[in-house]
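Listing of structure37.txt, compact mmCIF, C-alpha atoms
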```txt
# COMPACT_ATOMS: atom_id res chain seq x y z
CA MET A 1 0.00 0.00 0.00
CA VAL A 2 1.79 3.13 -1.20
CA PRO A 3 1.61 6.04 1.19
CA MET A 4 0.01 8.92 -0.65
CA ASN A 5 0.87 11.50 1.90
CA ARG A 6 2.15 14.89 1.00
CA GLU A 7 5.82 14.25 1.62
CA PHE A 8 5.82 11.27 -0.71
CA ARG A 9 4.14 13.09 -3.56
CA THR A 10 6.46 16.03 -3.23
CA SER A 11 9.54 13.88 -3.15
CA SER A 12 8.47 11.77 -6.14
CA PHE A 13 7.74 14.94 -8.05
CA ALA A 14 11.14 16.24 -7.07
CA MET A 15 12.63 12.97 -8.25
CA THR A 16 11.00 13.31 -11.69
CA LEU A 17 12.17 16.88 -11.90
CA PHE A 18 15.68 15.85 -10.95
CA VAL A 19 15.80 13.06 -13.51
CA SER A 20 14.45 15.18 -16.35
CA THR A 21 16.80 18.01 -15.44
CA ALA A 22 19.66 15.56 -15.55
CA ARG A 23 18.45 14.34 -18.91
CA ILE A 24 18.22 17.87 -20.25
CA MET A 25 21.75 18.54 -19.08
CA GLU A 26 22.86 15.31 -20.75
CA ARG A 27 21.22 16.45 -23.98
CA GLU A 28 22.88 19.84 -23.73
CA LYS A 29 26.22 18.20 -23.14
CA LEU A 30 25.79 15.83 -26.05
CA LYS A 31 24.80 18.70 -28.31
CA ASN A 32 27.89 20.62 -27.27
CA ILE A 33 30.16 17.65 -27.80
CA VAL A 34 28.69 17.03 -31.24
CA GLU A 35 29.21 20.69 -32.04
CA CYS A 36 32.87 20.44 -31.07
CA LEU A 37 33.39 17.36 -33.20
CA LEU A 38 31.66 18.85 -36.22
CA PHE A 39 33.64 22.06 -35.81
CA PHE A 40 36.96 20.28 -35.64
CA SER A 41 36.48 17.72 -38.40
CA ASP A 42 37.79 18.54 -41.85
CA LYS A 43 35.23 16.32 -43.56
CA PRO A 44 31.60 15.28 -42.99
CA LEU A 45 31.16 13.01 -39.96
CA GLY A 46 28.69 10.16 -40.18
CA ILE A 47 26.26 9.16 -37.44
CA ASP A 48 28.24 5.99 -36.79
CA LYS A 49 31.46 7.89 -36.22
CA LEU A 50 29.73 10.33 -33.89
CA ALA A 51 28.14 7.47 -31.99
CA GLU A 52 31.50 5.79 -31.65
CA ILE A 53 33.24 8.86 -30.24
CA THR A 54 30.45 9.95 -27.89
CA GLU A 55 29.81 6.33 -26.89
CA ILE A 56 26.09 6.88 -27.34
CA GLU A 57 24.40 3.72 -28.53
CA ASN A 58 21.11 5.25 -29.52
CA SER A 59 21.80 7.06 -32.81
CA LEU A 60 18.43 8.80 -32.51
CA GLU A 61 19.84 10.85 -29.64
CA ILE A 62 22.68 11.97 -31.86
CA ILE A 63 20.35 12.91 -34.68
CA GLU A 64 18.26 14.89 -32.20
CA ALA A 65 21.38 16.67 -30.97
CA ILE A 66 22.31 17.58 -34.53
CA GLU A 67 18.81 18.82 -35.32
CA GLU A 68 18.88 20.88 -32.13
CA LEU A 69 22.19 22.37 -33.18
CA LYS A 70 20.83 23.11 -36.66
CA ARG A 71 17.83 24.91 -35.17
CA GLU A 72 20.02 26.92 -32.82
CA TYR A 73 22.20 28.15 -35.65
CA GLU A 74 19.15 29.13 -37.66
CA LEU A 75 17.41 30.86 -34.77
CA ARG A 76 20.34 33.06 -33.90
CA ASN A 77 20.91 33.88 -37.56
CA SER A 78 24.36 32.35 -37.54
CA ALA A 79 26.66 32.65 -40.51
CA LEU A 80 27.35 28.96 -40.03
CA GLN A 81 25.06 26.08 -40.88
CA VAL A 82 25.00 22.36 -40.24
CA VAL A 83 24.79 20.56 -43.57
CA ASN A 84 23.88 16.97 -44.25
CA ILE A 85 26.29 15.94 -46.97
CA ALA A 86 28.17 12.86 -48.21
CA GLN A 87 26.41 10.59 -45.73
CA GLY A 88 27.47 12.73 -42.80
CA TYR A 89 27.27 16.15 -41.21
CA GLN A 90 29.53 19.15 -41.38
CA ILE A 91 29.55 22.73 -40.12
CA CYS A 92 29.96 25.07 -43.07
CA THR A 93 29.65 28.74 -43.85
CA ARG A 94 26.44 29.98 -45.46
CA ASN A 95 26.32 30.70 -49.21
CA GLU A 96 25.81 34.43 -48.69
CA PHE A 97 29.27 34.83 -47.25
CA SER A 98 31.22 33.04 -49.96
CA SER A 99 32.81 36.20 -51.33
CA TRP A 100 34.21 37.07 -47.90
CA VAL A 101 35.59 33.65 -47.19
CA LYS A 102 37.12 33.64 -50.66
CA LYS A 103 39.30 36.58 -49.68
CA LEU A 104 41.01 34.44 -47.07
CA HIS A 105 41.08 31.32 -49.18
CA SER A 106 43.57 32.23 -51.91
CA SER A 107 44.08 29.10 -53.97
CA GLN A 108 41.88 26.53 -55.58
CA THR A 109 38.40 28.05 -55.74
CA THR A 110 38.30 28.62 -59.47
CA PHE A 111 38.33 24.92 -60.30
CA GLN A 112 35.34 23.72 -62.31
CA LEU A 113 34.60 20.48 -64.05
CA SER A 114 34.21 20.62 -67.83
CA LEU A 115 30.97 19.58 -69.51
CA PRO A 116 32.46 16.36 -70.89
CA ALA A 117 33.62 15.55 -67.35
CA LEU A 118 30.16 16.29 -65.98
CA GLU A 119 28.53 14.15 -68.65
CA THR A 120 30.87 11.27 -67.95
CA LEU A 121 30.19 11.66 -64.23
CA SER A 122 26.45 11.62 -64.80
CA ILE A 123 26.76 8.36 -66.68
CA ILE A 124 28.93 6.77 -64.01
CA ALA A 125 26.68 8.03 -61.21
CA TYR A 126 23.66 6.38 -62.75
CA LYS A 127 25.14 3.24 -64.16
CA GLN A 128 27.88 2.37 -61.68
CA PRO A 129 29.82 0.25 -61.77
CA ILE A 130 30.51 0.80 -65.45
CA THR A 131 33.43 0.20 -67.81
CA ARG A 132 35.13 2.76 -70.01
CA GLY A 133 33.83 0.98 -73.11
CA GLU A 134 30.26 1.26 -71.88
CA ILE A 135 30.74 4.94 -71.09
CA GLU A 136 32.15 5.57 -74.56
CA LYS A 137 29.27 3.74 -76.18
CA ILE A 138 26.89 6.21 -74.56
CA ARG A 139 28.94 9.33 -75.17
CA GLY A 140 30.13 8.42 -78.62
CA VAL A 141 33.65 9.68 -77.89
CA ASP A 142 36.90 8.61 -76.28
CA SER A 143 36.69 9.13 -72.52
CA SER A 144 40.10 8.06 -71.26
CA TRP A 145 41.38 11.57 -70.64
CA VAL A 146 38.26 12.61 -68.75
CA LEU A 147 38.38 9.45 -66.65
CA ARG A 148 41.97 10.11 -65.70
CA LYS A 149 41.08 13.62 -64.53
CA LEU A 150 38.14 12.33 -62.49
CA LEU A 151 40.31 9.66 -60.89
CA GLU A 152 42.92 12.29 -60.02
CA LYS A 153 40.32 14.42 -58.30
CA LYS A 154 39.18 11.31 -56.41
CA ILE A 155 35.61 11.92 -57.55
CA VAL A 156 35.63 8.56 -59.27
CA LYS A 157 37.33 5.32 -58.25
CA ILE A 158 38.12 1.94 -59.69
CA SER A 159 35.64 -0.50 -58.24
CA GLY A 160 36.80 -3.78 -59.70
CA ARG A 161 36.77 -5.63 -62.98
CA LYS A 162 33.84 -6.84 -65.03
CA LYS A 163 33.55 -10.60 -65.21
CA VAL A 164 33.70 -10.76 -68.98
CA PRO A 165 36.52 -11.57 -71.41
CA GLY A 166 39.21 -8.93 -71.16
CA ARG A 167 38.20 -8.19 -67.56
CA PRO A 168 37.81 -4.47 -68.16
CA ILE A 169 38.07 -2.06 -65.26
CA MET A 170 34.84 -0.70 -63.77
CA TYR A 171 34.36 2.78 -62.35
CA ALA A 172 32.14 4.12 -59.56
CA THR A 173 31.66 7.43 -57.76
CA THR A 174 33.26 8.16 -54.40
CA ASN A 175 32.24 9.91 -51.21
CA GLU A 176 34.20 12.90 -52.44
CA PHE A 177 31.79 12.97 -55.41
CA LEU A 178 28.90 13.42 -52.96
CA ARG A 179 30.74 16.11 -51.06
CA TYR A 180 31.82 17.96 -54.20
CA PHE A 181 28.22 18.34 -55.39
CA GLY A 182 26.67 18.83 -51.96
CA LEU A 183 24.70 15.59 -52.15
CA ARG A 184 23.55 13.73 -49.07
CA ASP A 185 23.81 10.37 -50.79
CA LEU A 186 23.38 8.79 -54.22
CA SER A 187 19.60 9.12 -54.06
CA GLU A 188 20.04 12.88 -54.41
CA ILE A 189 21.49 12.72 -57.92
CA PRO A 190 19.16 14.68 -60.24
CA SER A 191 16.54 12.17 -61.23
CA LEU A 192 15.88 11.15 -64.82
CA ASP A 193 12.21 11.98 -64.33
CA GLU A 194 12.90 15.52 -63.22
CA ILE A 195 14.75 16.16 -66.44
CA LYS A 196 12.51 17.66 -69.11
CA PRO A 197 11.75 15.51 -72.17
CA PRO A 198 14.13 15.70 -75.14
CA VAL A 199 13.62 18.12 -78.02
CA GLY A 200 10.80 17.13 -80.28
CA GLY A 201 9.77 14.29 -77.92
CA MET B 1 52.61 23.24 -92.15
CA ASP B 2 49.82 20.87 -91.27
CA TYR B 3 48.38 22.49 -88.13
CA ARG B 4 45.65 20.32 -86.71
CA ILE B 5 43.40 21.25 -83.85
CA ARG B 6 42.11 18.37 -81.77
CA LEU B 7 38.51 17.95 -80.76
CA GLU B 8 39.73 15.43 -78.17
CA GLY B 9 36.94 14.39 -75.85
CA PHE B 10 35.21 17.68 -76.46
CA GLU B 11 32.33 17.21 -78.85
CA GLY B 12 31.39 13.90 -80.40
CA PRO B 13 29.16 12.68 -83.22
CA LEU B 14 26.17 12.38 -80.90
CA ASP B 15 26.64 15.99 -79.87
CA LEU B 16 26.60 16.90 -83.55
CA LEU B 17 23.42 14.94 -84.17
CA LEU B 18 21.71 16.51 -81.16
CA HIS B 19 22.86 19.90 -82.37
CA LEU B 20 21.28 19.24 -85.78
CA VAL B 21 18.08 17.93 -84.20
CA LYS B 22 17.78 21.07 -82.08
CA LYS B 23 18.79 23.42 -84.87
CA ASN B 24 16.22 22.05 -87.29
CA GLU B 25 13.65 21.36 -84.60
CA LEU B 26 13.36 17.74 -85.59
CA ASP B 27 11.41 15.00 -83.89
CA ILE B 28 13.92 12.57 -82.40
CA PHE B 29 11.59 9.67 -82.96
CA ASN B 30 11.15 10.55 -86.58
CA ILE B 31 14.40 11.96 -87.85
CA PRO B 32 14.33 12.62 -91.61
CA ILE B 33 17.34 10.53 -92.56
CA ALA B 34 18.13 12.11 -95.88
CA GLN B 35 18.21 15.62 -94.48
CA ILE B 36 20.23 14.82 -91.40
CA THR B 37 22.72 12.73 -93.32
CA ALA B 38 23.34 15.59 -95.71
CA ASP B 39 23.77 18.11 -92.87
CA TYR B 40 26.00 15.75 -90.92
CA LEU B 41 28.28 15.06 -93.87
CA SER B 42 28.60 18.76 -94.60
CA TYR B 43 30.03 19.20 -91.11
CA ILE B 44 32.54 16.41 -91.72
CA LYS B 45 33.56 18.24 -94.86
CA LEU B 46 33.96 21.43 -92.81
CA PHE B 47 36.15 19.65 -90.26
CA ARG B 48 38.44 18.52 -93.04
CA LYS B 49 38.53 21.94 -94.58
CA LEU B 50 39.49 23.57 -91.26
CA ASN B 51 42.01 20.84 -90.52
CA LEU B 52 40.23 19.81 -87.35
CA ASP B 53 41.39 16.44 -86.14
CA PHE B 54 38.17 14.59 -85.43
CA ALA B 55 37.59 11.21 -83.87
CA GLY B 56 36.96 8.06 -85.81
CA GLU B 57 33.59 7.76 -84.10
CA PHE B 58 32.34 10.56 -86.35
CA LEU B 59 32.86 8.31 -89.36
CA VAL B 60 31.15 5.37 -87.66
CA ILE B 61 28.02 7.43 -87.22
CA ALA B 62 28.42 8.83 -90.72
CA SER B 63 28.44 5.35 -92.21
CA THR B 64 25.39 4.39 -90.11
CA LEU B 65 23.51 7.39 -91.47
CA ILE B 66 24.56 6.67 -95.03
CA TYR B 67 23.47 3.06 -94.66
CA LEU B 68 20.09 4.15 -93.29
CA LYS B 69 19.65 6.59 -96.13
CA SER B 70 20.48 3.94 -98.71
CA ARG B 71 17.96 1.52 -97.21
CA MET B 72 15.27 4.22 -97.27
CA LEU B 73 15.91 4.96 -100.92
CA LEU B 74 16.29 1.41 -102.10
CA PRO B 75 13.89 -0.85 -100.25
CA SER B 76 15.02 -4.37 -100.90
CA ALA B 77 12.64 -6.92 -102.38
CA GLU B 78 14.21 -9.84 -100.52
CA PRO B 79 14.24 -9.97 -96.73
CA VAL B 80 17.65 -8.94 -95.40
CA GLU B 81 19.48 -11.18 -92.93
CA GLU B 82 21.11 -8.41 -90.97
CA GLU B 83 19.47 -5.79 -88.78
CA GLU B 84 16.58 -3.92 -90.36
CA PRO B 85 17.10 -0.18 -90.96
CA GLU B 86 14.14 0.52 -88.68
CA ASP B 87 16.10 -1.14 -85.87
CA TYR B 88 19.13 0.99 -86.60
CA GLN B 89 16.94 4.05 -86.64
CA ALA B 90 15.28 3.12 -83.37
CA GLU B 91 18.65 2.37 -81.85
CA LEU B 92 20.02 5.69 -82.99
CA ALA B 93 17.01 7.53 -81.59
CA ALA B 94 17.34 5.66 -78.30
CA ARG B 95 21.04 6.50 -78.09
CA LEU B 96 20.36 10.16 -78.77
CA ILE B 97 17.62 10.33 -76.16
CA GLU B 98 19.71 8.63 -73.52
CA TYR B 99 22.67 10.88 -74.31
CA GLN B 100 20.45 13.95 -74.15
CA LYS B 101 19.22 12.90 -70.70
CA PHE B 102 22.75 12.58 -69.41
CA LYS B 103 23.59 16.01 -70.79
CA GLU B 104 20.67 17.42 -68.84
CA ILE B 105 21.80 15.65 -65.69
CA ALA B 106 25.27 17.06 -66.27
CA ASN B 107 23.76 20.55 -66.32
CA ALA B 108 21.88 19.88 -63.11
CA LEU B 109 25.13 18.69 -61.54
CA LYS B 110 26.85 21.85 -62.76
CA GLU B 111 24.32 23.90 -60.81
CA LYS B 112 24.92 21.85 -57.69
CA GLU B 113 28.65 22.24 -58.15
CA ALA B 114 28.23 26.01 -58.21
CA MET B 115 26.06 26.05 -55.12
CA GLN B 116 28.43 23.84 -53.19
CA ARG B 117 31.37 26.01 -54.15
CA ASP B 118 29.89 28.83 -52.13
CA ILE B 119 29.86 27.01 -48.82
CA TYR B 120 33.06 26.30 -46.96
CA GLY B 121 33.96 23.78 -44.31
CA ARG B 122 37.20 23.28 -42.46
CA LEU B 123 40.06 22.41 -44.76
CA PRO B 124 42.21 19.33 -44.15
CA ILE B 125 44.07 19.80 -40.89
CA ILE B 126 46.97 17.45 -41.36
CA PRO B 127 48.68 17.21 -44.73
CA GLU B 128 48.14 13.93 -46.53
CA GLU B 129 50.61 11.14 -45.94
CA GLU B 130 52.03 11.66 -49.40
CA ASP B 131 53.01 15.24 -48.60
CA TYR B 132 55.72 14.34 -46.11
CA THR B 133 58.26 13.74 -48.80
CA ILE B 134 61.18 15.99 -47.94
CA GLU B 135 63.97 14.25 -46.11
CA ALA B 136 64.82 16.30 -43.04
CA THR B 137 68.49 17.28 -42.91
CA LEU B 138 70.67 17.09 -39.83
CA PHE B 139 70.20 20.83 -39.38
CA ASP B 140 66.41 20.49 -39.52
CA LEU B 141 66.68 17.85 -36.83
CA LEU B 142 68.94 20.08 -34.74
CA ASP B 143 66.46 22.93 -35.10
CA ALA B 144 63.60 20.73 -34.01
CA PHE B 145 65.65 19.36 -31.12
CA GLN B 146 66.49 22.86 -29.93
CA ARG B 147 62.80 23.76 -29.93
CA VAL B 148 61.99 20.74 -27.82
CA ALA B 149 64.91 21.34 -25.46
CA PHE B 150 63.95 24.98 -25.04
CA ARG B 151 60.38 24.04 -24.25
CA LEU B 152 61.42 21.49 -21.69
CA GLU B 153 63.76 23.88 -19.90
CA GLU B 154 60.65 25.58 -18.62
CA GLU B 155 58.81 22.41 -17.68
CA VAL B 156 61.45 20.73 -15.52
CA ARG B 157 60.07 20.27 -12.08
CA GLU B 158 62.18 17.56 -10.59
CA ILE B 159 65.38 15.77 -11.44
CA ILE B 160 64.97 12.08 -11.95
CA GLN B 161 67.91 9.75 -12.26
CA GLU B 162 67.19 7.89 -15.47
CA ASP B 163 69.19 5.46 -17.52
CA LEU B 164 71.55 7.24 -19.87
CA ARG B 165 72.41 4.55 -22.37
CA VAL B 166 71.82 5.20 -26.04
CA GLU B 167 70.83 1.58 -26.64
CA ASP B 168 67.98 1.85 -24.22
CA ARG B 169 66.75 5.05 -25.85
CA VAL B 170 66.94 3.33 -29.22
CA LYS B 171 64.78 0.50 -27.93
CA GLU B 172 62.31 2.99 -26.54
CA ILE B 173 61.99 4.88 -29.80
CA LEU B 174 61.38 1.67 -31.69
CA GLU B 175 58.80 0.71 -29.09
CA LEU B 176 56.97 4.00 -29.74
CA LEU B 177 56.92 3.18 -33.44
CA LYS B 178 55.73 -0.34 -32.85
CA ASN B 179 52.28 -0.46 -34.38
CA LYS B 180 52.46 2.81 -36.26
CA ARG B 181 53.81 3.95 -39.58
CA PHE B 182 55.16 7.17 -38.13
CA ILE B 183 55.25 9.33 -35.03
CA ASN B 184 55.75 13.05 -34.60
CA PHE B 185 59.26 14.24 -33.68
CA ASP B 186 58.03 15.81 -30.47
CA THR B 187 56.48 12.59 -29.23
CA ILE B 188 59.90 11.02 -28.86
CA PHE B 189 60.94 13.69 -26.40
CA SER B 190 57.80 14.04 -24.33
CA GLY B 191 58.16 13.02 -20.74
CA ARG B 192 61.91 13.57 -20.66
CA SER B 193 62.87 15.69 -17.75
CA SER B 194 66.61 16.15 -17.78
CA LYS B 195 68.86 17.70 -20.36
CA SER B 196 71.18 14.71 -20.52
CA LEU B 197 68.23 12.46 -21.19
CA LEU B 198 67.10 14.68 -24.02
CA ILE B 199 70.54 14.59 -25.57
CA VAL B 200 70.88 10.83 -25.28
CA THR B 201 67.45 10.38 -26.84
CA PHE B 202 68.41 12.67 -29.69
CA LEU B 203 71.60 10.72 -30.29
CA ALA B 204 69.58 7.52 -30.33
CA LEU B 205 67.32 9.00 -33.00
CA LEU B 206 70.30 10.06 -35.10
CA GLU B 207 71.70 6.56 -34.82
CA LEU B 208 68.45 5.03 -36.04
CA ILE B 209 68.42 7.43 -38.96
CA ARG B 210 72.03 6.64 -39.79
CA LEU B 211 71.23 2.94 -39.80
CA ARG B 212 68.26 3.70 -42.03
CA VAL B 213 65.91 1.98 -39.63
CA VAL B 214 63.81 5.14 -39.59
CA PHE B 215 63.43 8.19 -41.83
CA ALA B 216 62.86 11.79 -40.86
CA ARG B 217 60.56 13.66 -43.22
CA GLN B 218 58.86 17.04 -43.56
CA ALA B 219 55.89 18.26 -45.57
CA ARG B 220 57.63 21.51 -46.40
CA PRO B 221 60.99 23.15 -45.61
CA PHE B 222 61.24 24.02 -41.92
CA GLY B 223 57.91 22.34 -41.28
CA ASP B 224 57.27 19.86 -38.53
CA ILE B 225 59.09 16.55 -38.70
CA ARG B 226 57.70 13.05 -38.67
CA ILE B 227 59.74 9.95 -37.96
CA TYR B 228 58.75 7.10 -40.26
CA LYS B 229 59.57 3.46 -39.81
CA ALA B 230 61.54 2.08 -42.73
CA LYS B 231 59.81 -0.76 -44.54
CA SER B 232 61.52 -3.96 -43.49
```
Would it be possible to restate this file's structure as structure tokens?
Amino acid sequence: MVPMNREFRTSSFAMTLFVSTARIMEREKLKNIVECLLFFSDKPLGIDKLAEITEIENSLEIIEAIEELKREYELRNSALQVVNIAQGYQICTRNEFSSWVKKLHSSQTTFQLSLPALETLSIIAYKQPITRGEIEKIRGVDSSWVLRKLLEKKIVKISGRKKVPGRPIMYATTNEFLRYFGLRDLSEIPSLDEIKPPVGG
Amino acid sequence: MDYRIRLEGFEGPLDLLLHLVKKNELDIFNIPIAQITADYLSYIKLFRKLNLDFAGEFLVIASTLIYLKSRMLLPSAEPVEEEEPEDYQAELAARLIEYQKFKEIANALKEKEAMQRDIYGRLPIIPEEEDYTIEATLFDLLDAFQRVAFRLEEEVREIIQEDLRVEDRVKEILELLKNKRFINFDTIFSGRSSKSLLIVTFLALLELIRLRVVFARQARPFGDIRIYKAKS
């Protein structure tokens, strides 16, 4: 028979308050730790990696912490944002400030992929893994030079050999490909349906 | 002088066909073969005139078009064994459509590339493994040692009598490298509290380098030094 006197109710209420306060502090702490990790990392961090470092088993808690962080940055109109990219998360500057950051970041920024490179990439992204011969059949031109450039930039990788005579090399996209185009994962590649129908079709 | 300009990997025969389809507002599913063959061949003629070095694939498509045109003009009475011209035509249309789609996707990717270029994250903190390629000279090592020694001067709190044999220091350094490919120069000297110990440790390192058991490398001149294990 549980005593329902005043002291008991007060103390059990206090207990609940204590536990939820502790939990809120835990959440705050986790959010701060995640923020530190995202700030420090020089590439997107995946949920698994974050879980490993924070020793939190429930990945939902980590996702909540990230969402909380995202909201905070938005609410206080921060120049930083938390982006979901290349199967992970990263703290980046907002688009509006690119010209300012560029002033500090001297080298590199003017690099752009050529249209043939982009076309080849589109084919690989959709049909991976795919051989050079298959790519050239679609494009109608020699693609070896473009492939070499893409391999150099680590946007494309060799993913094995096709089990046919000649055992030609097959190519696939990399995580760097996702990061380079700001994609969360392969499902975010522009879909064939979104593309407008061909001329005269 | 035969000055040839290469169209290497730039525009191909399919690009030319798509260009003609767009220019003449043709229906891809119903390309008038005679017209497009004539237009296409006139471009080939132009390439030759301008001395543009074009790919063999242009001629492959050219011959396909010419074959299609010939079949249109001269329908054969007997059934032909090989592929029907309608199949070739359908295949060509399919190839053009698929190629067109990938060109559109390429454009969409170009937009994403541009958007992503405007947001910045932290750049790589530590140079890639490959960048530590400069062999550190004796003077680089002496510089680095002086920095460590200077730092430690301030941290000495108590004097501990420690073993001063080079062999033992050598063993210790190798122990530090045990399951790693490299360690930072400073790591070797951390925890040393007396000047003599520092010197003995440094001599041990020099000995290991002399014996080519380890290598000292930098990413750039006067940069920080890493001690790599030599491959056995």
Considering only C-alpha atoms, tabulate each residue of chain B that lies at most 8 Å from chain A along with its nearest interatomic pair and the corresponding distance in Å to one decimal; arrange the rows by chain and ascending residue number and present them as CSV.
```
residue,atom,partner,partner_atom,distance
B:Glu8,CA,A:Asp142,CA,7.6
B:Gly9,CA,A:Asp142,CA,5.8
B:Phe10,CA,A:Pro116,CA,6.4
B:Glu11,CA,A:Val141,CA,7.7
B:Gly12,CA,A:Val141,CA,5.4
B:Pro13,CA,A:Gly140,CA,6.3
B:Leu14,CA,A:Gly140,CA,6.0
B:Val21,CA,A:Val199,CA,7.6
B:Lys22,CA,A:Val199,CA,6.5
B:Glu25,CA,A:Gly200,CA,6.7
B:Leu26,CA,A:Gly200,CA,5.9
B:Asp27,CA,A:Gly200,CA,4.2
B:Ile28,CA,A:Gly200,CA,5.9
B:Phe29,CA,A:Gly201,CA,7.1
B:Ala55,CA,A:Val141,CA,7.3
B:Glu57,CA,A:Val141,CA,6.5
B:Arg95,CA,A:Ile138,CA,6.8
B:Ile97,CA,A:Pro198,CA,6.5
B:Glu98,CA,A:Ile138,CA,7.6
B:Tyr99,CA,A:Ile138,CA,6.3
B:Gln100,CA,A:Pro198,CA,6.6
B:Lys101,CA,A:Ile195,CA,7.0
B:Phe102,CA,A:Ser122,CA,6.0
B:Lys103,CA,A:Glu119,CA,5.7
B:Glu104,CA,A:Ile195,CA,6.5
B:Ile105,CA,A:Pro190,CA,6.1
B:Ala106,CA,A:Leu118,CA,5.0
B:Asn107,CA,A:Leu118,CA,7.7
B:Ala108,CA,A:Pro190,CA,6.5
B:Leu109,CA,A:Phe181,CA,6.9
B:Lys110,CA,A:Leu118,CA,7.2
B:Lys112,CA,A:Phe181,CA,5.3
B:Glu113,CA,A:Phe181,CA,4.8
B:Met115,CA,A:Asn95,CA,7.5
B:Gln116,CA,A:Gly182,CA,5.5
B:Arg117,CA,A:Thr109,CA,7.5
B:Asp118,CA,A:Ser98,CA,4.9
B:Ile119,CA,A:Asn95,CA,5.1
B:Tyr120,CA,A:Cys92,CA,5.1
B:Gly121,CA,A:Cys92,CA,4.4
B:Arg122,CA,A:Asp42,CA,4.8
B:Leu123,CA,A:Asp42,CA,5.3
B:Pro124,CA,A:Asp42,CA,5.0
B:Ile125,CA,A:Asp42,CA,6.5
```
Query raised in the report: Can you list, as a PyMOL selection string, every protein, DNA or RNA residue that comes within 8 Å of segment 146-149 of chain B when you count all atoms listed in the file, leaving out same-chain residues fewer than 6 positions away?
Result: chain B and resi 186+189+195+198
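Put simply, atom CA of Asn77 of chain A is 17.1 Å away from atom CA of Trp100 of chain A.
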Query raised in the report: Can you tell me, as a ChimeraX atom specification, what residues are no more than 9 Å from Leu176 of chain B when counting only C-alpha atoms, ignoring any on the same chain fewer than 6 positions away?
Result: /B:183,187-188
Query raised in the report: Neighbours of Ala34 of chain B within 12 Å (all atoms listed in the file; same-chain residues fewer than 6 positions away dropped), as a ChimeraX atom specification?
Result: /B:40-41,62,65-73
Query raised in the report: With distances taken over all atoms listed in the file, which of B:Ala136, B:Leu206, B:Val166, B:Ala94 is nearest to Gly223 of chain B?
Result: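 Distance minimum relative to Gly223 of chain B lands on B:Ala136.
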Query raised in the report: In Å, how far is it from atom CA of Arg226 of chain B to atom CA of Ile199 of chain B?
Result: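 Between atom CA of Arg226 of chain B and atom CA of Ile199 of chain B the gap works out to 18.4 Å.
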Query - Proximity to Leu142 of chain B - best of B:Val214, B:Leu18, B:Leu205, B:Leu46, all atoms listed in the file - result: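 Ranked by minimum distance to Leu142 of chain B, first place goes to B:Leu205.
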Report summary line: Residue with the minimum atom-to-atom distance to Ile130 of chain A, picked from A:Leu147, A:Leu30, A:Ile155, A:Ala172 with all atoms listed in the file counted, is A:Ala172
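Environment of (27.0, 11.2, -29.7): residues at most 9 Å away, judged by all atoms listed in the file, are Leu30, Lys31, Ile33, Val34, Ile47, Asp48, Lys49, Leu50, Ala51, Glu52, Ile53, Thr54, Glu55, Ile56, Glu57, Asn58, Ser59, Glu61, Ile62, Ile63 and Ala65 of chain A.
Between atom CA of Thr131 of chain A and atom CA of Met170 of chain A there is a distance of 4.4 Å.
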Incomplete segment 16-25 of chain A filled out to N, CA and C atoms as a CSV table (one decimal), keeping the file's coordinate frame:
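This is the output file result-v7.csv:
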```csv
chain,number,residue,atom,x,y,z
A,16,THR,N,11.2,13.2,-10.2
A,16,THR,CA,11.0,13.3,-11.7
A,16,THR,C,11.7,14.5,-12.2
A,17,LEU,N,11.6,15.6,-11.5
A,17,LEU,CA,12.2,16.9,-11.9
A,17,LEU,C,13.7,16.7,-12.0
A,18,PHE,N,14.2,16.0,-11.0
A,18,PHE,CA,15.7,15.8,-11.0
A,18,PHE,C,16.1,15.0,-12.2
A,19,VAL,N,15.4,13.9,-12.4
A,19,VAL,CA,15.8,13.1,-13.5
A,19,VAL,C,15.7,13.8,-14.9
A,20,SER,N,14.6,14.5,-15.0
A,20,SER,CA,14.4,15.2,-16.4
A,20,SER,C,15.4,16.3,-16.5
A,21,THR,N,15.8,17.0,-15.4
A,21,THR,CA,16.8,18.0,-15.4
A,21,THR,C,18.1,17.4,-15.8
A,22,ALA,N,18.4,16.3,-15.2
A,22,ALA,CA,19.7,15.6,-15.6
A,22,ALA,C,19.7,15.2,-17.0
A,23,ARG,N,18.5,14.7,-17.5
A,23,ARG,CA,18.4,14.3,-18.9
A,23,ARG,C,18.6,15.5,-19.8
A,24,ILE,N,18.0,16.7,-19.4
A,24,ILE,CA,18.2,17.9,-20.2
A,24,ILE,C,19.7,18.3,-20.3
A,25,MET,N,20.3,18.2,-19.1
A,25,MET,CA,21.8,18.5,-19.1
A,25,MET,C,22.6,17.6,-19.9
```
